[in-house]
Amino acid sequence: MTAKSAGMRVLVVDDSERVRNTLATGLRSRGFAVETAADGAEALAFLNGLPFDLVVLDLMMPRVDGVQVLQSLKSRSAKPRILVLSARDQVQDRVEALNLGADDYLVKPFAFDELLARLQALGRRNFADSSPELDCGRLHVDTATRLARVDDSVLPLTPKEYALLELLVRRKGHVLNRATIFEQLYESDSSASDTVIEVLMSTLRGKLSRAGLPDLVETRRGFGYVVA
């Protein structure tokens with residue numbers, strides 16, 4: 001999933017199963033689609049096969065370490081934003097990682113809320129959008145708090161409904177087909193099929209309609225969905 005948090009796809013790379021599971025659970029609860037890798041070799045296999053928007057990358061790992069992953073990605077013209085998450089806290093470690101193409105560096109131990117805020121900031125760069133606020137007429141989407149409002153009323157959205165709405169608003173004017181949306185919102189090993197998008201779209205539209213925006217999301221028959 002070209003993870004966009006409007007359905008951004010994140011790859012978490014860490015040799016600690018506890019760290020991987022903690023981050024995956026926390027990020028999924030906020031609507032991100034998350035894949036995990038236990039080392040750099042597994043991470044590169046993911047990155048060679050799927051598009052990602054964001055990577056959370058440990059440096060000290062067996063087989064292929066994080067520095068080797070950064071070196072491998074450095075020459076790519078299209079690559080995800082990379083947040084290094086490492087126990088290595090020396091200035092030279094940060095300088096090396098940033099010079100190799102990392103976009104940010106966070107030292108372990110860390111606060112999840114800070115990691116989340118940094119990922120959201122990196123995600124906004126993918127859309128050349130420095131503001132966490134997305135406005136679409138009466139609809140206001142706050143990507144920092146992950147809340148959507150119609151006028152002053154908060155929409156009671158599930159994490160996946162929010163991710164779908166943010167994706168559509170960020171890509172305003174672009175028609176997104178069902179398969180593309182599914183790729184953005186769900187992990188590669190999800191047992192669901194892309195037909196779940198129709199159900200998700202229906203519940204989202206119902207909530208938008210009850211809030212006074214019944215026509216925000218248009219269906220282009222044979223093509224997909226768009227916020228015009």
# chains A, B, ... in the order shown; residues from 1 in each chain; ligands from 1

$ select_by_dssp --residues "stretch 33-156 of chain A" --states "strand (DSSP E)" --output "VMD selection string"
chain A and resid 33 to 37 54 to 57 81 to 86 104 to 107 133 to 136 139 to 142 147 to 150 153 to 154

$ write_last_selection --atoms "N, CA, C and O atoms" --output "tab-separated table (two decimals), in the first residue's frame"
chain	number	residue	atom	x	y	z
A	33	ALA	N	-1.57	0.96	7.42
A	33	ALA	CA	-1.37	-0.42	7.00
A	33	ALA	C	0.09	-0.75	7.27
A	33	ALA	O	0.99	-0.03	6.83
A	34	VAL	N	0.34	-1.82	8.02
A	34	VAL	CA	1.69	-2.08	8.53
A	34	VAL	C	2.17	-3.47	8.13
A	34	VAL	O	1.46	-4.46	8.28
A	35	GLU	N	3.41	-3.51	7.61
A	35	GLU	CA	4.14	-4.76	7.41
A	35	GLU	C	5.33	-4.74	8.37
A	35	GLU	O	5.81	-3.67	8.74
A	36	THR	N	5.82	-5.91	8.75
A	36	THR	CA	6.96	-5.96	9.66
A	36	THR	C	8.04	-6.87	9.08
A	36	THR	O	7.76	-7.85	8.39
A	37	ALA	N	9.29	-6.51	9.38
A	37	ALA	CA	10.44	-7.30	8.96
A	37	ALA	C	11.41	-7.43	10.13
A	37	ALA	O	11.62	-6.47	10.88
A	54	LEU	N	6.39	4.93	4.23
A	54	LEU	CA	7.20	5.16	5.41
A	54	LEU	C	7.88	3.88	5.85
A	54	LEU	O	7.31	2.79	5.75
A	55	VAL	N	9.10	4.02	6.37
A	55	VAL	CA	9.83	2.89	6.94
A	55	VAL	C	10.35	3.31	8.31
A	55	VAL	O	10.96	4.39	8.45
A	56	VAL	N	10.11	2.48	9.31
A	56	VAL	CA	10.72	2.65	10.63
A	56	VAL	C	11.85	1.63	10.69
A	56	VAL	O	11.61	0.42	10.63
A	57	LEU	N	13.08	2.10	10.79
A	57	LEU	CA	14.24	1.24	10.55
A	57	LEU	C	15.20	1.21	11.73
A	57	LEU	O	15.77	2.25	12.11
A	81	ARG	N	9.86	7.54	2.82
A	81	ARG	CA	10.47	8.32	3.90
A	81	ARG	C	10.92	7.36	4.99
A	81	ARG	O	10.21	6.41	5.33
A	82	ILE	N	12.10	7.61	5.54
A	82	ILE	CA	12.69	6.66	6.49
A	82	ILE	C	12.94	7.33	7.83
A	82	ILE	O	13.63	8.36	7.92
A	83	LEU	N	12.36	6.75	8.87
A	83	LEU	CA	12.62	7.15	10.25
A	83	LEU	C	13.50	6.08	10.88
A	83	LEU	O	13.06	4.94	11.06
A	84	VAL	N	14.73	6.43	11.20
A	84	VAL	CA	15.61	5.49	11.90
A	84	VAL	C	15.22	5.49	13.38
A	84	VAL	O	15.08	6.54	14.00
A	85	LEU	N	15.06	4.27	13.91
A	85	LEU	CA	14.72	4.09	15.33
A	85	LEU	C	15.80	3.20	15.92
A	85	LEU	O	15.83	1.99	15.66
A	86	SER	N	16.71	3.77	16.69
A	86	SER	CA	17.89	3.02	17.10
A	86	SER	C	18.33	3.36	18.52
A	86	SER	O	18.09	4.47	19.00
A	104	ASP	N	14.68	11.09	9.25
A	104	ASP	CA	14.56	11.47	10.65
A	104	ASP	C	15.23	10.38	11.48
A	104	ASP	O	15.49	9.26	11.00
A	105	TYR	N	15.50	10.68	12.74
A	105	TYR	CA	16.23	9.76	13.61
A	105	TYR	C	15.66	9.89	15.02
A	105	TYR	O	15.59	10.99	15.57
A	106	LEU	N	15.24	8.79	15.59
A	106	LEU	CA	14.67	8.77	16.94
A	106	LEU	C	15.41	7.72	17.75
A	106	LEU	O	15.59	6.58	17.30
A	107	VAL	N	15.83	8.10	18.95
A	107	VAL	CA	16.64	7.22	19.80
A	107	VAL	C	15.75	6.40	20.73
A	107	VAL	O	14.79	6.92	21.30
A	133	GLU	N	-3.65	20.14	8.78
A	133	GLU	CA	-5.07	20.36	8.53
A	133	GLU	C	-5.39	20.26	7.04
A	133	GLU	O	-4.74	20.89	6.21
A	134	LEU	N	-6.39	19.45	6.73
A	134	LEU	CA	-6.88	19.33	5.36
A	134	LEU	C	-8.32	19.85	5.33
A	134	LEU	O	-9.16	19.35	6.07
A	135	ASP	N	-8.58	20.83	4.49
A	135	ASP	CA	-9.92	21.42	4.42
A	135	ASP	C	-10.55	21.11	3.07
A	135	ASP	O	-9.91	21.20	2.03
A	136	CYS	N	-11.82	20.75	3.13
A	136	CYS	CA	-12.57	20.45	1.92
A	136	CYS	C	-13.99	20.96	2.12
A	136	CYS	O	-14.88	20.20	2.54
A	139	LEU	N	-15.84	20.20	5.43
A	139	LEU	CA	-15.10	19.10	6.05
A	139	LEU	C	-13.70	19.55	6.41
A	139	LEU	O	-12.98	20.12	5.59
A	140	HIS	N	-13.30	19.25	7.64
A	140	HIS	CA	-11.95	19.57	8.11
A	140	HIS	C	-11.33	18.29	8.68
A	140	HIS	O	-11.89	17.66	9.58
A	141	VAL	N	-10.18	17.92	8.15
A	141	VAL	CA	-9.49	16.70	8.59
A	141	VAL	C	-8.19	17.11	9.27
A	141	VAL	O	-7.34	17.76	8.66
A	142	ASP	N	-8.03	16.72	10.53
A	142	ASP	CA	-6.82	17.02	11.28
A	142	ASP	C	-5.97	15.75	11.31
A	142	ASP	O	-6.28	14.81	12.05
A	147	LEU	N	-8.70	13.28	13.50
A	147	LEU	CA	-10.12	13.56	13.68
A	147	LEU	C	-10.65	14.29	12.45
A	147	LEU	O	-9.94	15.12	11.86
A	148	ALA	N	-11.87	13.99	12.07
A	148	ALA	CA	-12.54	14.68	10.97
A	148	ALA	C	-13.78	15.37	11.52
A	148	ALA	O	-14.52	14.79	12.31
A	149	ARG	N	-13.98	16.60	11.08
A	149	ARG	CA	-15.13	17.39	11.54
A	149	ARG	C	-15.91	17.92	10.35
A	149	ARG	O	-15.32	18.27	9.32
A	150	VAL	N	-17.19	17.96	10.50
A	150	VAL	CA	-18.05	18.70	9.58
A	150	VAL	C	-18.53	19.91	10.36
A	150	VAL	O	-19.23	19.76	11.37
A	153	SER	N	-18.64	19.67	14.29
A	153	SER	CA	-19.04	18.36	14.83
A	153	SER	C	-18.07	17.28	14.37
A	153	SER	O	-17.80	17.13	13.18
A	154	VAL	N	-17.55	16.52	15.34
A	154	VAL	CA	-16.61	15.43	15.04
A	154	VAL	C	-17.36	14.24	14.45
A	154	VAL	O	-18.40	13.83	14.96

$ closest_residue --among "A:Leu165, A:Val227, A:Ala87, A:Leu155" --to "A:Gly212" --atoms "only C-alpha atoms"
A:Leu155

$ closest_atom_pairs --of "stretch 88-150 of chain A" --to "stretch 13-30 of chain A" --cutoff "10 Å" --atoms "only C-alpha atoms" --output "JSON lines"
{"residue": "A:Phe112", "atom": "CA", "partner": "A:Leu23", "partner_atom": "CA", "distance": 7.8}
{"residue": "A:Asp113", "atom": "CA", "partner": "A:Gly26", "partner_atom": "CA", "distance": 9.6}
{"residue": "A:Leu115", "atom": "CA", "partner": "A:Leu23", "partner_atom": "CA", "distance": 9.4}
{"residue": "A:Leu116", "atom": "CA", "partner": "A:Leu27", "partner_atom": "CA", "distance": 7.7}
{"residue": "A:Leu119", "atom": "CA", "partner": "A:Leu27", "partner_atom": "CA", "distance": 10.0}
{"residue": "A:Thr145", "atom": "CA", "partner": "A:Arg30", "partner_atom": "CA", "distance": 9.8}
{"residue": "A:Arg146", "atom": "CA", "partner": "A:Arg30", "partner_atom": "CA", "distance": 7.7}

$ write_last_selection --atoms "N, CA and C atoms" --output "short mmCIF file (atom, residue, chain, number, x, y, z; two decimals), in the first residue's frame"
data_model
loop_
_atom_site.label_atom_id
_atom_site.label_comp_id
_atom_site.auth_asym_id
_atom_site.auth_seq_id
_atom_site.Cartn_x
_atom_site.Cartn_y
_atom_site.Cartn_z
N PHE A 112 5.81 6.44 22.08
CA PHE A 112 5.06 6.13 20.86
C PHE A 112 4.43 7.38 20.25
N ASP A 113 3.91 8.26 21.07
CA ASP A 113 3.25 9.47 20.55
C ASP A 113 4.23 10.32 19.76
N LEU A 115 6.94 9.15 18.14
CA LEU A 115 7.18 8.41 16.90
C LEU A 115 6.03 8.63 15.92
N LEU A 116 4.80 8.57 16.44
CA LEU A 116 3.63 8.76 15.59
C LEU A 116 3.64 10.15 14.98
N LEU A 119 6.21 10.33 12.21
CA LEU A 119 5.76 9.64 11.00
C LEU A 119 4.71 10.45 10.26
N THR A 145 -4.35 14.82 14.95
CA THR A 145 -5.21 14.17 15.94
C THR A 145 -6.02 13.03 15.33
N ARG A 146 -5.99 12.94 13.97
CA ARG A 146 -6.74 11.92 13.24
C ARG A 146 -8.23 12.03 13.53
#

$ residues_around --residues "A:Ala179" --least-positions-apart "3" --cutoff "9 Å" --atoms "only C-alpha atoms" --output "list of chain:residue names"
A:Leu176, A:Phe182, A:Glu183, A:Gln184, A:Asp194, A:Thr195, A:Ile197

$ write_last_selection --atoms "N, CA and C atoms" --output "PDB file, in the first residue's frame"
ATOM      1  N   LEU A 176      -9.703   7.075  -7.492  1.00  0.00           N
ATOM      2  CA  LEU A 176      -8.994   5.926  -6.930  1.00  0.00           C
ATOM      3  C   LEU A 176      -9.872   4.693  -7.076  1.00  0.00           C
ATOM      4  N   PHE A 182      -7.651  -0.474  -1.488  1.00  0.00           N
ATOM      5  CA  PHE A 182      -7.388  -1.649  -0.659  1.00  0.00           C
ATOM      6  C   PHE A 182      -5.899  -1.752  -0.357  1.00  0.00           C
ATOM      7  N   GLU A 183      -5.075  -1.518  -1.362  1.00  0.00           N
ATOM      8  CA  GLU A 183      -3.623  -1.596  -1.189  1.00  0.00           C
ATOM      9  C   GLU A 183      -3.140  -0.588  -0.165  1.00  0.00           C
ATOM     10  N   GLN A 184      -3.812   0.564  -0.112  1.00  0.00           N
ATOM     11  CA  GLN A 184      -3.424   1.610   0.817  1.00  0.00           C
ATOM     12  C   GLN A 184      -3.824   1.309   2.258  1.00  0.00           C
ATOM     13  N   ASP A 194     -10.688  -7.054  -1.763  1.00  0.00           N
ATOM     14  CA  ASP A 194     -10.929  -5.632  -2.007  1.00  0.00           C
ATOM     15  C   ASP A 194     -12.413  -5.269  -2.033  1.00  0.00           C
ATOM     16  N   THR A 195     -13.291  -6.260  -1.970  1.00  0.00           N
ATOM     17  CA  THR A 195     -14.715  -5.949  -1.878  1.00  0.00           C
ATOM     18  C   THR A 195     -15.062  -5.289  -0.543  1.00  0.00           C
ATOM     19  N   ILE A 197     -13.825  -2.757   0.529  1.00  0.00           N
ATOM     20  CA  ILE A 197     -13.823  -1.312   0.304  1.00  0.00           C
ATOM     21  C   ILE A 197     -15.231  -0.801   0.056  1.00  0.00           C
TER      22      ILE A 197
END

$ select_by_dssp --residues "stretch 85-208 of chain A" --states "helix (DSSP H, G or I)" --output "number ranges by chain"
A: 91-99, 112-125, 159-170, 178-185, 196-208

$ residues_around --residues "A:Gly66" --least-positions-apart "5" --cutoff "7 Å" --atoms "only C-alpha atoms" --output "CSV table (one decimal) with N, CA and C atoms, in the first residue's frame"
chain,number,residue,atom,x,y,z
A,40,GLY,N,17.3,-6.6,7.9
A,40,GLY,CA,17.4,-5.8,6.7
A,40,GLY,C,17.1,-6.6,5.4
A,57,LEU,N,13.1,2.1,10.8
A,57,LEU,CA,14.2,1.2,10.6
A,57,LEU,C,15.2,1.2,11.7
A,58,ASP,N,15.4,0.0,12.3
A,58,ASP,CA,16.4,-0.2,13.3
A,58,ASP,C,17.8,-0.3,12.6
A,59,LEU,N,18.9,0.1,13.3
A,59,LEU,CA,20.2,0.0,12.7
A,59,LEU,C,20.9,-1.3,13.0
A,60,MET,N,20.8,-1.8,14.2
A,60,MET,CA,21.6,-2.9,14.6
A,60,MET,C,20.8,-4.2,14.5
A,61,MET,N,21.0,-4.9,13.4
A,61,MET,CA,20.2,-6.2,13.1
A,61,MET,C,21.1,-7.2,12.5
